[in-house]
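J.: My structure is stored as protein-v4.csv, with CSV, C-alpha atoms and all ligand atoms.
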chain,number,residue,atom,x,y,z
A,22,MET,CA,-8.7,2.8,-21.2
A,23,ASP,CA,-7.4,4.0,-24.6
A,24,VAL,CA,-4.9,6.8,-24.4
A,25,ASP,CA,-3.8,8.9,-27.3
A,26,ALA,CA,-0.2,9.8,-26.3
A,27,ALA,CA,-0.6,13.1,-28.1
A,28,THR,CA,-3.1,14.2,-25.5
A,29,LEU,CA,-1.0,13.7,-22.4
A,30,SER,CA,1.2,16.1,-20.5
A,31,GLY,CA,4.8,15.4,-19.9
A,32,ARG,CA,4.2,14.2,-16.4
A,33,ALA,CA,1.3,11.9,-17.5
A,34,LEU,CA,3.5,10.5,-20.3
A,35,TYR,CA,6.2,9.7,-17.8
A,36,ASP,CA,3.8,8.1,-15.4
A,37,LEU,CA,2.2,5.9,-18.0
A,38,LEU,CA,5.6,4.9,-19.5
A,39,VAL,CA,7.1,3.8,-16.1
A,40,ASP,CA,3.8,2.2,-15.0
A,41,THR,CA,3.6,0.0,-18.2
A,42,VAL,CA,7.2,-0.7,-19.2
A,43,VAL,CA,7.8,-3.1,-16.3
A,44,PRO,CA,9.8,-4.6,-14.8
A,45,ARG,CA,12.9,-2.6,-15.5
A,46,PRO,CA,16.3,-3.7,-14.2
A,47,VAL,CA,18.2,-1.0,-12.3
A,48,ALA,CA,21.6,-0.1,-13.5
A,49,TRP,CA,23.7,1.2,-10.5
A,50,VAL,CA,26.2,3.3,-12.5
A,51,LEU,CA,29.6,4.3,-11.2
A,52,THR,CA,31.5,7.1,-12.8
A,53,LEU,CA,34.5,9.2,-11.8
A,54,SER,CA,34.4,12.9,-11.5
A,55,ALA,CA,37.3,15.0,-13.0
A,56,ASP,CA,39.0,15.0,-9.6
A,57,GLY,CA,38.6,11.3,-9.2
A,58,ALA,CA,35.7,11.1,-6.8
A,59,PRO,CA,33.4,8.1,-7.4
A,60,ASN,CA,29.8,8.9,-8.3
A,61,LEU,CA,27.1,6.3,-8.0
A,62,ALA,CA,23.5,6.7,-9.2
A,63,PRO,CA,20.6,4.4,-10.2
A,64,PHE,CA,18.9,4.3,-13.6
A,65,SER,CA,16.0,2.1,-14.6
A,66,PHE,CA,15.8,3.2,-18.2
A,67,PHE,CA,18.4,0.6,-18.8
A,68,SER,CA,18.6,-2.3,-21.2
A,69,GLY,CA,20.7,-4.6,-23.2
A,70,VAL,CA,21.0,-3.5,-26.9
A,71,CYS,CA,23.2,-5.9,-28.8
A,72,ALA,CA,25.3,-9.0,-28.1
A,73,ARG,CA,28.0,-8.7,-30.7
A,74,PRO,CA,29.6,-6.5,-29.6
A,75,PRO,CA,28.0,-6.5,-26.1
A,76,MET,CA,26.3,-3.2,-25.8
A,77,LEU,CA,23.9,-1.8,-23.2
A,78,SER,CA,22.0,1.5,-23.0
A,79,VAL,CA,21.3,3.8,-20.0
A,80,SER,CA,19.0,6.7,-20.6
A,81,VAL,CA,19.6,9.7,-18.4
A,82,ALA,CA,17.1,12.6,-18.3
A,83,SER,CA,18.4,16.2,-17.9
A,84,LYS,CA,18.0,17.8,-14.5
A,85,PRO,CA,16.4,21.2,-13.9
A,86,VAL,CA,18.4,23.9,-12.3
A,87,LEU,CA,17.6,27.5,-11.4
A,88,GLY,CA,19.9,30.0,-13.2
A,89,SER,CA,21.2,33.2,-11.5
A,90,ASP,CA,18.5,35.0,-13.6
A,91,GLY,CA,15.8,33.0,-11.8
A,92,GLN,CA,15.1,31.0,-15.0
A,93,ARG,CA,14.8,27.2,-14.9
A,94,ARG,CA,17.1,25.4,-17.4
A,95,PHE,CA,18.1,21.8,-17.9
A,96,VAL,CA,21.6,20.5,-17.6
A,97,PRO,CA,23.1,16.9,-17.9
A,98,LYS,CA,23.2,14.8,-14.8
A,99,ASP,CA,26.7,14.1,-13.4
A,100,THR,CA,26.6,10.5,-14.7
A,101,VAL,CA,26.4,11.9,-18.3
A,102,SER,CA,29.1,14.6,-17.8
A,103,PHE,CA,31.5,12.2,-16.0
A,104,ALA,CA,30.9,9.3,-18.5
A,105,ARG,CA,31.7,11.8,-21.4
A,106,GLU,CA,34.8,13.1,-19.7
A,107,ARG,CA,36.3,9.7,-18.9
A,108,GLY,CA,34.8,7.8,-21.9
A,109,HIS,CA,34.0,4.9,-19.5
A,110,PHE,CA,31.5,3.9,-16.8
A,111,THR,CA,30.7,0.8,-14.8
A,112,VAL,CA,27.2,-0.7,-14.5
A,113,HIS,CA,26.4,-2.7,-11.4
A,114,ILE,CA,23.4,-4.8,-10.7
A,115,ALA,CA,22.4,-4.7,-7.0
A,116,PRO,CA,20.5,-7.3,-5.2
A,117,ALA,CA,16.9,-6.4,-4.3
A,118,SER,CA,17.8,-6.5,-0.6
A,119,GLN,CA,19.9,-3.3,-1.2
A,120,ARG,CA,17.0,-1.3,-2.7
A,121,GLU,CA,17.1,1.4,0.1
A,122,ALA,CA,20.8,1.9,-0.5
A,123,VAL,CA,20.3,2.1,-4.2
A,124,ALA,CA,17.5,4.6,-3.9
A,125,SER,CA,19.5,6.7,-1.5
A,126,THR,CA,22.0,7.3,-4.3
A,127,ALA,CA,19.4,9.1,-6.3
A,128,ALA,CA,19.8,12.1,-4.0
A,129,ASP,CA,22.0,15.0,-4.9
A,130,HIS,CA,25.2,14.8,-2.9
A,131,PRO,CA,27.7,17.6,-2.5
A,132,PRO,CA,30.3,17.5,-5.2
A,133,GLY,CA,33.2,15.2,-4.2
A,134,THR,CA,31.2,13.0,-1.9
A,135,ASP,CA,32.5,9.5,-2.0
A,136,VAL,CA,29.0,7.8,-2.1
A,137,PRO,CA,30.3,4.2,-2.3
A,138,ALA,CA,32.4,4.8,0.8
A,139,LEU,CA,29.4,6.2,2.7
A,140,LEU,CA,27.5,3.0,1.9
A,141,GLY,CA,30.4,0.8,2.9
A,142,LEU,CA,31.0,-0.5,-0.7
A,143,SER,CA,34.6,-1.3,-1.4
A,144,LEU,CA,36.0,-0.6,-4.9
A,145,ASN,CA,38.6,-2.4,-7.0
A,146,PRO,CA,40.5,-0.7,-9.8
A,147,GLY,CA,39.0,-1.3,-13.3
A,148,SER,CA,40.4,-4.3,-15.2
A,149,TRP,CA,39.6,-3.0,-18.6
A,150,GLY,CA,39.4,0.7,-18.2
A,151,PRO,CA,39.8,3.6,-15.7
A,152,ILE,CA,36.5,3.1,-13.7
A,153,PRO,CA,36.5,1.1,-10.5
A,154,TRP,CA,34.0,-1.6,-9.7
A,155,SER,CA,32.6,-3.0,-6.5
A,156,PRO,CA,33.2,-6.7,-5.6
A,157,ASP,CA,30.5,-6.3,-2.9
A,158,LEU,CA,27.7,-6.3,-5.6
A,159,PRO,CA,26.7,-9.4,-7.6
A,160,VAL,CA,27.5,-8.1,-11.1
A,161,ALA,CA,29.6,-5.3,-12.4
A,162,MET,CA,30.1,-4.5,-16.1
A,163,GLU,CA,32.9,-2.2,-17.2
A,164,CYS,CA,31.8,-0.2,-20.2
A,165,ARG,CA,33.4,2.1,-22.7
A,166,LEU,CA,31.1,4.9,-23.9
A,167,GLU,CA,30.5,4.3,-27.6
A,168,GLN,CA,27.9,6.8,-28.4
A,169,VAL,CA,25.6,9.4,-26.7
A,170,VAL,CA,22.2,9.6,-28.4
A,171,GLU,CA,20.3,12.8,-27.6
A,172,VAL,CA,16.5,12.2,-27.5
A,173,GLY,CA,13.6,14.5,-26.7
A,174,GLU,CA,13.1,17.9,-25.2
A,175,PRO,CA,14.4,18.7,-22.6
A,176,VAL,CA,17.1,16.3,-23.8
A,177,THR,CA,17.6,12.8,-22.5
A,178,HIS,CA,21.1,11.4,-23.1
A,179,MET,CA,21.0,7.7,-24.0
A,180,LEU,CA,24.5,6.3,-23.2
A,181,LEU,CA,25.4,3.4,-25.4
A,182,GLY,CA,28.1,1.5,-23.6
A,183,ARG,CA,30.2,-1.4,-24.9
A,184,VAL,CA,30.8,-4.0,-22.1
A,185,LEU,CA,34.5,-4.6,-22.0
A,186,GLY,CA,34.3,-7.1,-19.2
A,187,TRP,CA,32.1,-8.6,-16.5
A,188,HIS,CA,32.8,-9.2,-12.9
A,189,VAL,CA,30.3,-11.8,-11.5
A,190,GLN,CA,30.5,-13.1,-8.0
A,191,ASP,CA,31.7,-16.7,-8.1
A,192,ALA,CA,28.8,-18.0,-6.0
A,193,LEU,CA,26.4,-17.0,-8.7
A,194,VAL,CA,28.1,-18.8,-11.6
A,195,ASP,CA,27.2,-22.5,-12.4
A,196,ALA,CA,29.5,-25.2,-13.8
A,197,ASP,CA,28.7,-24.0,-17.4
A,198,GLY,CA,29.7,-20.4,-16.7
A,199,ARG,CA,26.1,-19.3,-16.8
A,200,VAL,CA,24.4,-17.2,-14.1
A,201,PRO,CA,21.1,-19.0,-13.2
A,202,SER,CA,18.2,-16.9,-12.2
A,203,GLY,CA,17.3,-16.6,-8.5
A,204,TRP,CA,19.9,-14.1,-7.2
A,205,ASP,CA,17.2,-11.4,-6.8
A,206,PRO,CA,18.5,-8.6,-9.0
A,207,LEU,CA,16.8,-5.3,-8.2
A,208,ALA,CA,14.2,-4.3,-10.7
A,209,ARG,CA,11.7,-1.4,-10.8
A,210,LEU,CA,8.0,-2.2,-10.9
A,211,GLY,CA,5.9,0.9,-11.6
A,212,ILE,CA,6.6,4.3,-10.4
A,213,SER,CA,7.5,3.6,-6.8
A,214,GLY,CA,7.6,-0.2,-6.5
A,215,TYR,CA,10.4,-2.7,-6.7
A,216,LEU,CA,10.3,-6.3,-7.6
A,217,PRO,CA,10.4,-8.0,-4.3
A,218,PRO,CA,13.0,-10.6,-3.4
A,219,ARG,CA,12.0,-14.2,-3.9
A,220,ASN,CA,10.1,-15.8,-1.0
A,221,LEU,CA,8.7,-12.5,0.2
A,222,GLN,CA,5.0,-11.7,-0.1
A,223,VAL,CA,4.1,-9.0,-2.6
A,224,PRO,CA,2.6,-6.3,-0.5
A,225,ARG,CA,-1.0,-5.5,-1.6
A,226,SER,CA,-1.9,-1.9,-1.6
A,301,LIG,C1,15.4,3.2,-8.8
A,301,LIG,C2,15.7,4.5,-9.5
A,301,LIG,C3,15.7,4.5,-10.9
A,301,LIG,C4,16.0,5.7,-11.6
A,301,LIG,N1,16.1,5.7,-13.0
A,301,LIG,C5,16.4,6.8,-13.6
A,301,LIG,C6,16.5,6.8,-15.0
A,301,LIG,O1,16.3,5.8,-15.7
A,301,LIG,N2,16.9,8.0,-15.7
A,301,LIG,C7,17.1,9.1,-15.0
A,301,LIG,O2,17.5,10.2,-15.6
A,301,LIG,N3,17.1,9.2,-13.6
A,301,LIG,C8,16.7,8.1,-12.9
A,301,LIG,N4,16.7,8.1,-11.6
A,301,LIG,C9,17.0,9.3,-10.8
A,301,LIG,C10,18.6,9.4,-10.8
A,301,LIG,O3,19.2,8.3,-10.1
A,301,LIG,C11,19.0,10.7,-10.0
A,301,LIG,O4,18.6,11.8,-10.8
A,301,LIG,C12,20.4,10.8,-9.7
A,301,LIG,O5,20.6,11.9,-8.8
A,301,LIG,C13,21.4,11.1,-10.8
A,301,LIG,O6,22.7,11.1,-10.3
A,301,LIG,P1,23.9,11.9,-11.0
A,301,LIG,O7,23.5,13.4,-11.1
A,301,LIG,O8,25.0,11.6,-10.1
A,301,LIG,O9,24.0,11.4,-12.4
A,301,LIG,C14,16.3,6.9,-10.9
A,301,LIG,C15,16.2,6.9,-9.4
A,301,LIG,C16,15.9,5.7,-8.8
A,301,LIG,C17,15.8,5.7,-7.3
Once you've parsed the file, please lay out its structure as structure tokens.
T.:
Amino acid sequence: MDVDAATLSGRALYDLLVDTVVPRPVAWVLTLSADGAPNLAPFSFFSGVCARPPMLSVSVASKPVLGSDGQRRFVPKDTVSFARERGHFTVHIAPASQREAVASTAADHPPGTDVPALLGLSLNPGSWGPIPWSPDLPVAMECRLEQVVEVGEPVTHMLLGRVLGWHVQDALVDADGRVPSGWDPLARLGISGYLPPRNLQVPRS
């Protein structure tokens, strides 16, 4: 199949992009609302950007809302608003075994819901900034928001975060301070699939 991107609808462009840019790691991003409630949401448009300084990107599409005039308009997701307000966010990498919990945090929760508490995730205060992190997850990266790049229409906000520090569970770290592969980080594979944990059969469909 040869596809001219210029001929595709927005939905078809999205489908082909997420079907072919695979696998994608999943950033489980913790932010704090203005009143201090923790907000947790997954994003697979996520990547490392630069090592010196350590930078990563998380791309967050706008969400459609219905205005009082009945017109649909697009507004930033909470992660973008909260990261902008606080200037910081924390990216966690979850194990593949927690994919249902991760996916459940993509739902819209009433404002002020403490989603990490609902999932039984404990939080520690940030070591390098104001955003907490969960010691229950293998990896947490405390980030300072360096830049927001606005791309596309309706706008996607690409958060460029500088990693101020890592929290990696001790059991994952070898004698050289490296984190060898094999800890089953959650990754997205296609539109609805996830990279399965090691030792499990890939379901054929
Ligand atoms: C595995 C997974 C990956 C996702 N990746 C993205 C993404 O890269 N960009 C995006 O805008 N939304 C993505 N979503 C949807 C968001 O998680 C969802 O819109 C969420 O409600 C945003 O939360 P917030 O409003 O608290 O920021 C993803 C959802 C799942 C389950």
J.: Tell me, as a ChimeraX atom specification, which residues lie within 12 Å of Trp49 of chain A, counting all atoms listed in the file; anything in the same chain fewer than 3 positions away does not count.
T.: /A:46,52,60-67,79,100,110-117,119-120,122-127,136-137,154-155,158-163,206-208
J.: Can you tell me which residues surround Ser148 of chain A at a distance of at most 10 Å, considering only C-alpha atoms, apart from same-chain residues fewer than 4 positions away, and format the answer as a tab-separated table (two decimals) with C-alpha atoms, in the frame of the given file?
T.:
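Generated file (around-v3.tsv):
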chain	number	residue	atom	x	y	z
A	152	ILE	CA	36.50	3.10	-13.70
A	153	PRO	CA	36.50	1.10	-10.50
A	154	TRP	CA	34.00	-1.60	-9.70
A	163	GLU	CA	32.90	-2.20	-17.20
A	185	LEU	CA	34.50	-4.60	-22.00
A	186	GLY	CA	34.30	-7.10	-19.20
A	187	TRP	CA	32.10	-8.60	-16.50
A	188	HIS	CA	32.80	-9.20	-12.90
J.: Report the distance between atom CA of Gly57 of chain A and atom CA of Glu121 of chain A in Å, rounded to one decimal place.
T.: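 Calculated distance between atom CA of Gly57 of chain A and atom CA of Glu121 of chain A is 25.4 Å.
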J.: By how many Å are atom O6 of ligand LIG 301 (chain A) and atom CA of Ala72 of chain A apart?
T.: 27.0 Å
J.: Identify which of the residues A:Ala104, A:Leu77, A:Leu181, A:Val70 lies closest to ligand LIG 301 (chain A), counting only C-alpha atoms and all ligand atoms when measuring atom-to-atom distances.
T.: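 Smallest distance to ligand LIG 301 (chain A) is found for A:Ala104.
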J.: Given only C-alpha atoms as the basis, pick out the residue of A:Val170, A:Val184, A:Ala192, A:Ala55 nearest to Cys71 of chain A.
T.: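 Of all the options, A:Val184 lies closest to Cys71 of chain A.
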J.: Quick one: distance from atom CA of Asp157 of chain A to atom CA of Asp205 of chain A in Å, one decimal?
T.: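 Atom-to-atom, atom CA of Asp157 of chain A and atom CA of Asp205 of chain A are spaced 14.8 Å apart.
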J.: May I have the residues within 8 Å of segment 128-134 of chain A as a list in words, using all atoms listed in the file and disregarding those fewer than 5 positions away in the same chain?
T.: Ser54, Asp56, Ala58, Pro59 and Asn60 of chain A
J.: Show which residues sit within 12 Å of Gly211 of chain A, as a list in words. Count only C-alpha atoms, and ignore same-chain residues fewer than 3 positions away.
T.: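 Within the cut-off, the hits are Tyr35, Asp36, Leu37, Leu38, Val39, Asp40, Thr41, Val42, Val43, Pro44, Arg45, Pro46, Ser65, Ala208, Gly214, Tyr215 and Leu216 of chain A.
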J.: Between A:Arg93, A:Arg73, A:Arg107, A:Lys84, which is the closest to ligand LIG 301 (chain A) once you count only C-alpha atoms and all ligand atoms?
T.: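 Looking at the shortest contact to ligand LIG 301 (chain A), the residue is A:Lys84.
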